[in-house]
>>> print(open('upload26.cif').read())   # mmCIF, C-alpha atoms
data_entry
loop_
_atom_site.group_PDB
_atom_site.id
_atom_site.type_symbol
_atom_site.label_atom_id
_atom_site.label_comp_id
_atom_site.auth_asym_id
_atom_site.auth_seq_id
_atom_site.Cartn_x
_atom_site.Cartn_y
_atom_site.Cartn_z
ATOM 1 C CA MET A 1345 -20.044 -10.888 -7.720
ATOM 2 C CA ILE A 1346 -18.975 -7.219 -7.968
ATOM 3 C CA GLN A 1347 -19.789 -6.710 -4.293
ATOM 4 C CA SER A 1348 -17.577 -9.627 -3.258
ATOM 5 C CA LEU A 1349 -14.787 -8.194 -5.382
ATOM 6 C CA PHE A 1350 -14.795 -4.825 -3.645
ATOM 7 C CA GLN A 1351 -15.070 -6.486 -0.234
ATOM 8 C CA THR A 1352 -11.698 -8.106 -0.793
ATOM 9 C CA ARG A 1353 -9.239 -6.483 1.563
ATOM 10 C CA GLY A 1354 -6.275 -7.160 -0.671
ATOM 11 C CA LEU A 1355 -7.888 -5.335 -3.565
ATOM 12 C CA TRP A 1356 -8.395 -2.176 -1.551
ATOM 13 C CA ILE A 1357 -4.875 -2.218 -0.123
ATOM 14 C CA GLY A 1358 -3.366 -2.902 -3.542
ATOM 15 C CA ALA A 1359 -5.525 -0.246 -5.218
ATOM 16 C CA ILE A 1360 -4.562 2.378 -2.609
ATOM 17 C CA ILE A 1361 -0.853 1.610 -3.017
ATOM 18 C CA ILE A 1362 -1.033 1.762 -6.815
ATOM 19 C CA PHE A 1363 -3.146 4.943 -6.807
ATOM 20 C CA THR A 1364 -0.645 6.597 -4.445
ATOM 21 C CA LEU A 1365 2.229 5.484 -6.667
ATOM 22 C CA LEU A 1366 0.521 6.948 -9.733
ATOM 23 C CA MET A 1367 -0.161 10.253 -8.000
ATOM 24 C CA ILE A 1368 3.456 10.503 -6.832
ATOM 25 C CA ALA A 1369 4.716 9.741 -10.336
ATOM 26 C CA LEU A 1370 2.416 12.344 -11.924
ATOM 27 C CA PHE A 1371 3.186 14.952 -9.259
ATOM 28 C CA SER A 1372 6.929 14.566 -9.849
ATOM 29 C CA LEU A 1373 6.458 15.474 -13.528
ATOM 30 C CA LEU A 1374 4.476 18.681 -12.941
ATOM 31 C CA PRO A 1375 6.007 21.873 -14.347
ATOM 32 C CA GLY A 1376 7.817 23.890 -11.709
ATOM 33 C CA MET A 1377 8.916 20.903 -9.630
ATOM 34 C CA PRO A 1378 12.561 21.116 -8.486
ATOM 35 C CA ASP A 1379 14.999 19.116 -10.575
ATOM 36 C CA PRO A 1380 15.974 16.122 -8.386
ATOM 37 C CA THR A 1381 19.024 15.393 -10.562
ATOM 38 C CA LEU A 1382 20.671 18.743 -9.741
ATOM 39 C CA ILE A 1383 24.017 18.030 -8.061
ATOM 40 C CA ARG A 1384 24.980 20.120 -5.009
ATOM 41 C CA VAL A 1385 28.140 18.576 -3.606
ATOM 42 C CA VAL A 1386 28.244 21.072 -0.729
ATOM 43 C CA GLU A 1387 24.928 19.594 0.528
ATOM 44 C CA LYS A 1388 25.903 15.923 0.273
ATOM 45 C CA LEU A 1389 24.614 13.453 2.881
ATOM 46 C CA ARG A 1390 22.471 16.036 4.673
ATOM 47 C CA SER A 1391 20.125 14.656 7.319
ATOM 48 C CA PRO A 1392 16.342 14.966 6.865
ATOM 49 C CA SER A 1393 15.153 18.539 7.332
ATOM 50 C CA ILE A 1394 12.338 20.882 6.352
ATOM 51 C CA GLU A 1395 14.157 21.679 3.103
ATOM 52 C CA HIS A 1396 14.984 18.032 2.339
ATOM 53 C CA TRP A 1397 12.410 15.774 3.969
ATOM 54 C CA LEU A 1398 14.436 12.598 3.411
ATOM 55 C CA GLY A 1399 17.836 14.249 3.334
ATOM 56 C CA THR A 1400 20.286 14.272 0.440
ATOM 57 C CA ASP A 1401 22.476 11.633 -1.174
ATOM 58 C CA GLN A 1402 26.245 11.516 -1.727
ATOM 59 C CA LEU A 1403 25.961 14.078 -4.547
ATOM 60 C CA GLY A 1404 23.702 16.488 -2.678
ATOM 61 C CA ARG A 1405 20.570 15.485 -4.621
ATOM 62 C CA ASP A 1406 17.239 15.550 -2.813
ATOM 63 C CA LEU A 1407 16.409 11.930 -1.909
ATOM 64 C CA LEU A 1408 12.646 12.477 -1.875
ATOM 65 C CA GLY A 1409 12.716 14.069 -5.327
ATOM 66 C CA LEU A 1410 14.850 11.244 -6.728
ATOM 67 C CA THR A 1411 12.470 8.636 -5.311
ATOM 68 C CA MET A 1412 9.396 10.385 -6.687
ATOM 69 C CA ARG A 1413 10.916 10.775 -10.158
ATOM 70 C CA GLY A 1414 12.064 7.149 -9.981
ATOM 71 C CA ALA A 1415 8.415 6.134 -9.567
ATOM 72 C CA SER A 1416 7.528 7.691 -12.926
ATOM 73 C CA VAL A 1417 10.451 5.926 -14.617
ATOM 74 C CA SER A 1418 9.547 2.541 -13.116
ATOM 75 C CA LEU A 1419 5.901 2.882 -14.164
ATOM 76 C CA LEU A 1420 6.882 4.023 -17.663
ATOM 77 C CA VAL A 1421 9.126 1.003 -18.181
ATOM 78 C CA ALA A 1422 6.641 -1.450 -16.651
ATOM 79 C CA ILE A 1423 3.669 -0.123 -18.658
ATOM 80 C CA GLY A 1424 5.694 -0.016 -21.874
ATOM 81 C CA ALA A 1425 6.979 -3.557 -21.386
ATOM 82 C CA VAL A 1426 3.537 -4.959 -20.581
ATOM 83 C CA THR A 1427 2.010 -3.152 -23.561
ATOM 84 C CA LEU A 1428 4.647 -4.681 -25.833
ATOM 85 C CA GLY A 1429 4.273 -8.146 -24.337
ATOM 86 C CA ALA A 1430 0.473 -8.178 -24.353
ATOM 87 C CA GLY A 1431 0.215 -6.521 -27.765
ATOM 88 C CA ILE A 1432 2.180 -9.350 -29.369
ATOM 89 C CA GLY A 1433 1.569 -12.246 -26.982
ATOM 90 C CA VAL A 1434 -2.241 -12.070 -26.836
ATOM 91 C CA PRO A 1435 -2.773 -12.324 -30.628
ATOM 92 C CA LEU A 1436 -0.198 -15.134 -30.815
ATOM 93 C CA GLY A 1437 -1.980 -17.066 -28.057
ATOM 94 C CA LEU A 1438 -5.370 -16.615 -29.716
ATOM 95 C CA MET A 1439 -4.018 -17.691 -33.099
ATOM 96 C CA ALA A 1440 -2.275 -20.764 -31.698
ATOM 97 C CA SER A 1441 -5.341 -21.864 -29.707
ATOM 98 C CA ALA A 1442 -7.710 -21.848 -32.697
ATOM 99 C CA HIS A 1443 -6.302 -25.025 -34.274
ATOM 100 C CA GLU A 1444 -3.905 -27.713 -33.110
ATOM 101 C CA ASN A 1445 -1.626 -27.747 -36.150
ATOM 102 C CA TRP A 1446 1.953 -26.978 -37.121
ATOM 103 C CA LEU A 1447 1.349 -23.234 -36.757
ATOM 104 C CA SER A 1448 0.213 -23.477 -33.144
ATOM 105 C CA GLN A 1449 3.129 -25.754 -32.336
ATOM 106 C CA ALA A 1450 5.560 -23.341 -33.997
ATOM 107 C CA VAL A 1451 4.189 -20.426 -31.961
ATOM 108 C CA MET A 1452 4.457 -22.325 -28.694
ATOM 109 C CA ARG A 1453 7.978 -23.564 -29.457
ATOM 110 C CA ALA A 1454 9.052 -20.018 -30.315
ATOM 111 C CA ASN A 1455 7.670 -18.910 -26.944
ATOM 112 C CA ASP A 1456 9.626 -21.653 -25.205
ATOM 113 C CA PHE A 1457 12.755 -20.441 -27.019
ATOM 114 C CA ILE A 1458 12.256 -16.889 -25.729
ATOM 115 C CA PHE A 1459 11.638 -18.248 -22.219
ATOM 116 C CA ALA A 1460 15.126 -19.772 -22.378
ATOM 117 C CA PHE A 1461 16.612 -16.250 -22.449
ATOM 118 C CA PRO A 1462 15.835 -14.262 -19.270
ATOM 119 C CA ALA A 1463 15.287 -10.518 -19.446
ATOM 120 C CA LEU A 1464 18.821 -9.965 -18.124
ATOM 121 C CA VAL A 1465 20.368 -11.853 -21.053
ATOM 122 C CA ILE A 1466 18.170 -9.971 -23.542
ATOM 123 C CA ALA A 1467 19.179 -6.683 -21.883
ATOM 124 C CA ILE A 1468 22.871 -7.568 -22.220
ATOM 125 C CA LEU A 1469 22.394 -8.298 -25.928
ATOM 126 C CA LEU A 1470 20.514 -5.028 -26.454
ATOM 127 C CA HIS A 1471 23.089 -3.119 -24.417
ATOM 128 C CA ASP A 1472 25.904 -4.374 -26.622
ATOM 129 C CA THR A 1473 23.866 -3.582 -29.751
ATOM 130 C CA VAL A 1474 22.104 -0.259 -29.120
ATOM 131 C CA GLY A 1475 23.296 0.744 -25.638
ATOM 132 C CA ALA A 1476 21.454 1.221 -22.360
ATOM 133 C CA GLY A 1477 18.409 3.382 -21.729
ATOM 134 C CA ILE A 1478 14.688 3.339 -21.063
ATOM 135 C CA GLN A 1479 13.991 1.851 -24.508
ATOM 136 C CA ASN A 1480 16.455 -0.936 -23.802
ATOM 137 C CA ALA A 1481 14.719 -1.809 -20.532
ATOM 138 C CA ILE A 1482 11.266 -1.735 -22.143
ATOM 139 C CA LEU A 1483 12.410 -3.990 -25.000
ATOM 140 C CA ALA A 1484 14.206 -6.453 -22.743
ATOM 141 C CA ILE A 1485 11.311 -6.870 -20.311
ATOM 142 C CA GLY A 1486 8.678 -6.628 -23.058
ATOM 143 C CA ILE A 1487 10.247 -9.386 -25.166
ATOM 144 C CA PHE A 1488 10.283 -11.647 -22.118
ATOM 145 C CA ASN A 1489 6.591 -10.796 -21.505
ATOM 146 C CA ILE A 1490 5.516 -11.973 -24.970
ATOM 147 C CA PRO A 1491 5.616 -15.738 -24.205
ATOM 148 C CA VAL A 1492 4.023 -15.122 -20.801
ATOM 149 C CA PHE A 1493 0.895 -13.587 -22.327
ATOM 150 C CA ALA A 1494 0.893 -16.020 -25.253
ATOM 151 C CA ARG A 1495 0.968 -19.025 -22.922
ATOM 152 C CA VAL A 1496 -1.704 -17.647 -20.578
ATOM 153 C CA VAL A 1497 -4.073 -16.758 -23.433
ATOM 154 C CA TYR A 1498 -3.383 -20.052 -25.215
ATOM 155 C CA ASN A 1499 -4.277 -22.122 -22.136
ATOM 156 C CA LYS A 1500 -7.396 -20.066 -21.408
ATOM 157 C CA ALA A 1501 -8.622 -19.903 -25.009
ATOM 158 C CA GLN A 1502 -8.227 -23.638 -25.622
ATOM 159 C CA SER A 1503 -11.095 -24.411 -23.260
ATOM 160 C CA ILE A 1504 -13.217 -21.606 -24.749
ATOM 161 C CA TRP A 1505 -12.912 -22.938 -28.312
ATOM 162 C CA THR A 1506 -14.603 -26.182 -27.209
ATOM 163 C CA LEU A 1507 -17.781 -24.426 -25.969
ATOM 164 C CA ASP A 1508 -20.995 -25.252 -27.815
ATOM 165 C CA PHE A 1509 -21.776 -21.750 -29.077
ATOM 166 C CA ILE A 1510 -18.242 -21.430 -30.453
ATOM 167 C CA GLN A 1511 -18.658 -24.698 -32.338
ATOM 168 C CA ALA A 1512 -22.041 -23.486 -33.609
ATOM 169 C CA ALA A 1513 -20.441 -20.280 -34.895
ATOM 170 C CA ARG A 1514 -17.909 -22.362 -36.799
ATOM 171 C CA LEU A 1515 -20.635 -24.561 -38.276
ATOM 172 C CA ILE A 1516 -22.499 -21.583 -39.723
ATOM 173 C CA GLY A 1517 -19.328 -20.503 -41.502
ATOM 174 C CA ARG A 1518 -17.916 -17.706 -39.350
ATOM 175 C CA ARG A 1519 -14.198 -17.132 -39.753
ATOM 176 C CA ASP A 1520 -11.920 -18.044 -36.865
ATOM 177 C CA ILE A 1521 -10.561 -14.532 -36.624
ATOM 178 C CA ASN A 1522 -14.057 -13.116 -36.142
ATOM 179 C CA ILE A 1523 -14.902 -15.755 -33.531
ATOM 180 C CA ALA A 1524 -11.633 -15.050 -31.719
ATOM 181 C CA LEU A 1525 -12.238 -11.291 -31.567
ATOM 182 C CA LEU A 1526 -15.982 -11.338 -30.866
ATOM 183 C CA HIS A 1527 -16.296 -14.337 -28.540
ATOM 184 C CA VAL A 1528 -13.012 -15.883 -27.369
ATOM 185 C CA LEU A 1529 -11.151 -12.687 -26.497
ATOM 186 C CA PRO A 1530 -13.969 -11.201 -24.343
ATOM 187 C CA LEU A 1531 -14.205 -14.449 -22.360
ATOM 188 C CA ALA A 1532 -10.439 -14.475 -21.820
ATOM 189 C CA LEU A 1533 -10.265 -10.764 -20.974
ATOM 190 C CA GLY A 1534 -10.503 -11.296 -17.210
ATOM 191 C CA THR A 1535 -7.506 -13.609 -17.227
ATOM 192 C CA ILE A 1536 -5.569 -11.154 -19.401
ATOM 193 C CA ILE A 1537 -6.283 -8.276 -17.005
ATOM 194 C CA VAL A 1538 -5.064 -10.344 -14.058
ATOM 195 C CA GLN A 1539 -1.870 -11.202 -15.916
ATOM 196 C CA ILE A 1540 -1.331 -7.557 -16.865
ATOM 197 C CA THR A 1541 -1.562 -6.573 -13.203
ATOM 198 C CA ILE A 1542 0.932 -9.239 -12.155
ATOM 199 C CA GLN A 1543 3.374 -8.404 -14.956
ATOM 200 C CA LEU A 1544 3.291 -4.703 -14.059
ATOM 201 C CA GLY A 1545 4.616 -5.541 -10.606
ATOM 202 C CA LEU A 1546 7.234 -7.870 -12.043
ATOM 203 C CA GLY A 1547 8.132 -5.199 -14.601
ATOM 204 C CA ILE A 1548 8.938 -2.696 -11.846
ATOM 205 C CA LEU A 1549 11.094 -5.311 -10.125
ATOM 206 C CA ALA A 1550 12.824 -6.219 -13.397
ATOM 207 C CA GLU A 1551 13.538 -2.567 -14.231
ATOM 208 C CA ALA A 1552 15.107 -2.075 -10.816
ATOM 209 C CA GLY A 1553 17.262 -5.164 -11.344
ATOM 210 C CA LEU A 1554 18.433 -4.064 -14.792
ATOM 211 C CA SER A 1555 19.235 -0.541 -13.600
ATOM 212 C CA TYR A 1556 21.055 -1.966 -10.579
ATOM 213 C CA VAL A 1557 23.529 -3.784 -12.845
ATOM 214 C CA GLY A 1558 23.793 -0.836 -15.262
ATOM 215 C CA LEU A 1559 21.640 -2.233 -18.084
ATOM 216 C CA GLY A 1560 18.516 -0.146 -17.589
ATOM 217 C CA VAL A 1561 17.930 3.571 -17.237
ATOM 218 C CA THR A 1562 21.052 5.696 -17.712
ATOM 219 C CA PRO A 1563 22.107 8.734 -15.653
ATOM 220 C CA PRO A 1564 21.001 11.365 -14.935
ATOM 221 C CA THR A 1565 17.492 9.865 -15.151
ATOM 222 C CA PRO A 1566 16.610 8.636 -11.627
ATOM 223 C CA SER A 1567 15.962 4.940 -11.085
ATOM 224 C CA TRP A 1568 15.239 3.011 -7.914
ATOM 225 C CA GLY A 1569 17.582 0.229 -8.967
ATOM 226 C CA ARG A 1570 20.517 2.535 -9.631
ATOM 227 C CA MET A 1571 19.827 4.386 -6.369
ATOM 228 C CA LEU A 1572 20.300 1.065 -4.594
ATOM 229 C CA ASN A 1573 23.507 0.442 -6.497
ATOM 230 C CA GLU A 1574 24.916 3.852 -5.573
ATOM 231 C CA ALA A 1575 23.888 3.465 -1.909
ATOM 232 C CA GLN A 1576 25.457 0.059 -1.266
ATOM 233 C CA THR A 1577 28.866 1.509 -0.376
ATOM 234 C CA LEU A 1578 27.281 4.060 1.978
ATOM 235 C CA ILE A 1579 24.852 1.816 3.807
ATOM 236 C CA GLY A 1580 26.883 2.023 7.016
ATOM 237 C CA ILE A 1581 26.983 5.836 6.902
ATOM 238 C CA ALA A 1582 23.536 6.671 5.516
ATOM 239 C CA PRO A 1583 21.305 3.565 5.450
ATOM 240 C CA ARG A 1584 18.300 5.646 4.357
ATOM 241 C CA LEU A 1585 19.864 5.940 0.883
ATOM 242 C CA ALA A 1586 19.191 2.219 0.398
ATOM 243 C CA LEU A 1587 16.095 1.895 2.585
ATOM 244 C CA VAL A 1588 14.018 4.510 0.743
ATOM 245 C CA PRO A 1589 14.298 3.097 -2.808
ATOM 246 C CA GLY A 1590 14.197 -0.461 -1.446
ATOM 247 C CA LEU A 1591 10.922 0.188 0.365
ATOM 248 C CA ALA A 1592 9.541 1.967 -2.713
ATOM 249 C CA ILE A 1593 10.230 -1.111 -4.871
ATOM 250 C CA ALA A 1594 8.771 -3.459 -2.265
ATOM 251 C CA LEU A 1595 5.578 -1.419 -1.834
ATOM 252 C CA ALA A 1596 5.040 -1.029 -5.587
ATOM 253 C CA VAL A 1597 5.430 -4.753 -6.223
ATOM 254 C CA LEU A 1598 3.246 -5.542 -3.190
ATOM 255 C CA GLY A 1599 0.475 -3.275 -4.472
ATOM 256 C CA PHE A 1600 0.324 -4.913 -7.894
ATOM 257 C CA THR A 1601 0.620 -8.391 -6.371
ATOM 258 C CA LEU A 1602 -2.280 -7.814 -3.962
ATOM 259 C CA LEU A 1603 -4.419 -6.367 -6.741
ATOM 260 C CA GLY A 1604 -3.552 -9.268 -9.044
ATOM 261 C CA ASP A 1605 -4.398 -11.869 -6.385
ATOM 262 C CA ALA A 1606 -7.737 -10.195 -5.638
ATOM 263 C CA LEU A 1607 -8.643 -10.012 -9.324
ATOM 264 C CA SER A 1608 -7.556 -13.618 -9.790
ATOM 265 C CA GLU A 1609 -9.989 -14.774 -7.089
ATOM 266 C CA TRP A 1610 -12.766 -12.769 -8.741
ATOM 267 C CA VAL A 1611 -12.072 -14.154 -12.220
ATOM 268 C CA ASP A 1612 -11.772 -17.780 -11.079
ATOM 269 C CA PRO A 1613 -15.135 -18.976 -9.646
ATOM 270 C CA ARG A 1614 -13.465 -21.866 -7.815
ATOM 271 C CA LYS A 1615 -11.195 -19.526 -5.871
ATOM 272 C CA ARG A 1616 -14.052 -17.118 -5.224
ATOM 273 C CA ASN A 1617 -16.325 -19.838 -3.853
ATOM 274 C CA SER A 1618 -13.585 -21.337 -1.679
ATOM 275 C CA GLY A 1619 -12.806 -17.846 -0.351
#
>>> encode(input="upload26.cif", output="structure tokens")
Amino acid sequence: MIQSLFQTRGLWIGAIIIFTLLMIALFSLLPGMPDPTLIRVVEKLRSPSIEHWLGTDQLGRDLLGLTMRGASVSLLVAIGAVTLGAGIGVPLGLMASAHENWLSQAVMRANDFIFAFPALVIAILLHDTVGAGIQNAILAIGIFNIPVFARVVYNKAQSIWTLDFIQAARLIGRRDINIALLHVLPLALGTIIVQITIQLGLGILAEAGLSYVGLGVTPPTPSWGRMLNEAQTLIGIAPRLALVPGLAIALAVLGFTLLGDALSEWVDPRKRNSG
């Protein structure tokens, strides 16, 4: 089983992309690295050179440095949002799956209610309440992730609760919370990991979208989405200003998507056998 997992081409490609993204993000935060937000108007729109490998933007900022620092911001928001969503959604899904009663129905209906408000709407509400920023983006995307994880865990755990050894544990008097933590959660862990991988990619895309419309990361903190927004009026003069952050977003989402698909085939025996 493990051998077939690591033979999956998509897993290796996705893992390489994600590892590279992580290394770039960490490297951009090392002490002594040049500040990519430093404005040098006299060097605006410089072509790629030895000093500036990808050239400079309309404010004279190094485009490579901005893109690298934007990777750390995107990962921070995506990881924070997924941690928030999984930290609340997974326990809710486990709790709702234990018994089909009013509590489980209330949890699922509350999830449906949150689903009715996309991350963009939640970000607008938070923006009007507490303003924009990294915390705003994490909250907006994280709140939208809660019902995603709750629904996935609920659907997976429902079938686990019907297994014979789970029923036997209930018959000998074990509490549902102990059964959920010791038996149900480990069996659902593979599905949760797959969903985490997928939501990380979607989180990067969502952060870029929020920053593009001015509801995410605020200046001077670099963001791929805001770089796209600033480059749209200059695409005819310097198309690289839009191509570089656009390709960075596409590659990051592709890496997490490939990794999520490969893990999904490994977790699901039917997909693995058909593959």
>>> closest_atom_pairs(input="upload26.cif", of="region 1555-1608 of chain A", to="region 1385-1409 of chain A", cutoff="12 Å", atoms="only C-alpha atoms", output="JSON lines")
{"residue": "A:Pro1564", "atom": "CA", "partner": "A:Arg1405", "partner_atom": "CA", "distance": 11.1}
{"residue": "A:Thr1565", "atom": "CA", "partner": "A:Gly1409", "partner_atom": "CA", "distance": 11.7}
{"residue": "A:Pro1566", "atom": "CA", "partner": "A:Gly1409", "partner_atom": "CA", "distance": 9.2}
{"residue": "A:Ser1567", "atom": "CA", "partner": "A:Gly1409", "partner_atom": "CA", "distance": 11.3}
{"residue": "A:Trp1568", "atom": "CA", "partner": "A:Leu1407", "partner_atom": "CA", "distance": 10.8}
{"residue": "A:Met1571", "atom": "CA", "partner": "A:Asp1401", "partner_atom": "CA", "distance": 9.3}
{"residue": "A:Leu1572", "atom": "CA", "partner": "A:Asp1401", "partner_atom": "CA", "distance": 11.3}
{"residue": "A:Glu1574", "atom": "CA", "partner": "A:Gln1402", "partner_atom": "CA", "distance": 8.7}
{"residue": "A:Ala1575", "atom": "CA", "partner": "A:Asp1401", "partner_atom": "CA", "distance": 8.3}
{"residue": "A:Gln1576", "atom": "CA", "partner": "A:Gln1402", "partner_atom": "CA", "distance": 11.5}
{"residue": "A:Thr1577", "atom": "CA", "partner": "A:Gln1402", "partner_atom": "CA", "distance": 10.4}
{"residue": "A:Leu1578", "atom": "CA", "partner": "A:Gln1402", "partner_atom": "CA", "distance": 8.4}
{"residue": "A:Ile1579", "atom": "CA", "partner": "A:Gln1402", "partner_atom": "CA", "distance": 11.3}
{"residue": "A:Ile1581", "atom": "CA", "partner": "A:Leu1389", "partner_atom": "CA", "distance": 8.9}
{"residue": "A:Ala1582", "atom": "CA", "partner": "A:Leu1389", "partner_atom": "CA", "distance": 7.4}
{"residue": "A:Pro1583", "atom": "CA", "partner": "A:Asp1401", "partner_atom": "CA", "distance": 10.5}
{"residue": "A:Arg1584", "atom": "CA", "partner": "A:Leu1398", "partner_atom": "CA", "distance": 8.0}
{"residue": "A:Leu1585", "atom": "CA", "partner": "A:Asp1401", "partner_atom": "CA", "distance": 6.6}
{"residue": "A:Ala1586", "atom": "CA", "partner": "A:Asp1401", "partner_atom": "CA", "distance": 10.1}
{"residue": "A:Leu1587", "atom": "CA", "partner": "A:Leu1398", "partner_atom": "CA", "distance": 10.9}
{"residue": "A:Val1588", "atom": "CA", "partner": "A:Leu1407", "partner_atom": "CA", "distance": 8.2}
{"residue": "A:Pro1589", "atom": "CA", "partner": "A:Leu1407", "partner_atom": "CA", "distance": 9.1}
{"residue": "A:Ala1592", "atom": "CA", "partner": "A:Leu1408", "partner_atom": "CA", "distance": 11.0}
>>> resolve_selection(input="upload26.cif", expression="the PyMOL selection byres ((chain A and resi 1494) around 6)", output="list in words")
Gly1433, Val1434, Leu1436, Gly1437, Pro1491, Val1492, Phe1493, Arg1495, Val1496, Val1497 and Tyr1498 of chain A
>>> atom_distance(input="upload26.cif", atom1="CA of Phe1509 (chain A)", atom2="CA of Thr1535 (chain A)")
20.3 Å
>>> residues_around(input="upload26.cif", residues="Ser1441 (chain A)", least_positions_apart="4", cutoff="12 Å", atoms="all atoms listed in the file", output="VMD selection string")
chain A and resid 1434 to 1437 1445 to 1452 1494 to 1506 1520 to 1521 1523 to 1524 1528 to 1529 1532
>>> write_last_selection(input="upload26.cif", atoms="C-alpha atoms", output="PDB file, keeping the file's coordinate frame")
ATOM      1  CA  VAL A1434      -2.241 -12.070 -26.836  1.00  0.00           C
ATOM      2  CA  PRO A1435      -2.773 -12.324 -30.628  1.00  0.00           C
ATOM      3  CA  LEU A1436      -0.198 -15.134 -30.815  1.00  0.00           C
ATOM      4  CA  GLY A1437      -1.980 -17.066 -28.057  1.00  0.00           C
ATOM      5  CA  ASN A1445      -1.626 -27.747 -36.150  1.00  0.00           C
ATOM      6  CA  TRP A1446       1.953 -26.978 -37.121  1.00  0.00           C
ATOM      7  CA  LEU A1447       1.349 -23.234 -36.757  1.00  0.00           C
ATOM      8  CA  SER A1448       0.213 -23.477 -33.144  1.00  0.00           C
ATOM      9  CA  GLN A1449       3.129 -25.754 -32.336  1.00  0.00           C
ATOM     10  CA  ALA A1450       5.560 -23.341 -33.997  1.00  0.00           C
ATOM     11  CA  VAL A1451       4.189 -20.426 -31.961  1.00  0.00           C
ATOM     12  CA  MET A1452       4.457 -22.325 -28.694  1.00  0.00           C
ATOM     13  CA  ALA A1494       0.893 -16.020 -25.253  1.00  0.00           C
ATOM     14  CA  ARG A1495       0.968 -19.025 -22.922  1.00  0.00           C
ATOM     15  CA  VAL A1496      -1.704 -17.647 -20.578  1.00  0.00           C
ATOM     16  CA  VAL A1497      -4.073 -16.758 -23.433  1.00  0.00           C
ATOM     17  CA  TYR A1498      -3.383 -20.052 -25.215  1.00  0.00           C
ATOM     18  CA  ASN A1499      -4.277 -22.122 -22.136  1.00  0.00           C
ATOM     19  CA  LYS A1500      -7.396 -20.066 -21.408  1.00  0.00           C
ATOM     20  CA  ALA A1501      -8.622 -19.903 -25.009  1.00  0.00           C
ATOM     21  CA  GLN A1502      -8.227 -23.638 -25.622  1.00  0.00           C
ATOM     22  CA  SER A1503     -11.095 -24.411 -23.260  1.00  0.00           C
ATOM     23  CA  ILE A1504     -13.217 -21.606 -24.749  1.00  0.00           C
ATOM     24  CA  TRP A1505     -12.912 -22.938 -28.312  1.00  0.00           C
ATOM     25  CA  THR A1506     -14.603 -26.182 -27.209  1.00  0.00           C
ATOM     26  CA  ASP A1520     -11.920 -18.044 -36.865  1.00  0.00           C
ATOM     27  CA  ILE A1521     -10.561 -14.532 -36.624  1.00  0.00           C
ATOM     28  CA  ILE A1523     -14.902 -15.755 -33.531  1.00  0.00           C
ATOM     29  CA  ALA A1524     -11.633 -15.050 -31.719  1.00  0.00           C
ATOM     30  CA  VAL A1528     -13.012 -15.883 -27.369  1.00  0.00           C
ATOM     31  CA  LEU A1529     -11.151 -12.687 -26.497  1.00  0.00           C
ATOM     32  CA  ALA A1532     -10.439 -14.475 -21.820  1.00  0.00           C
TER      33      ALA A1532
END
>>> resolve_selection(input="upload26.cif", expression="the PyMOL selection byres ((chain A and resi 1595-1610) around 7)", output="PyMOL selection string")
chain A and resi 1349+1352+1354-1355+1357-1359+1361-1362+1538+1541-1542+1544-1546+1548-1549+1591-1594+1611-1613+1615-1616
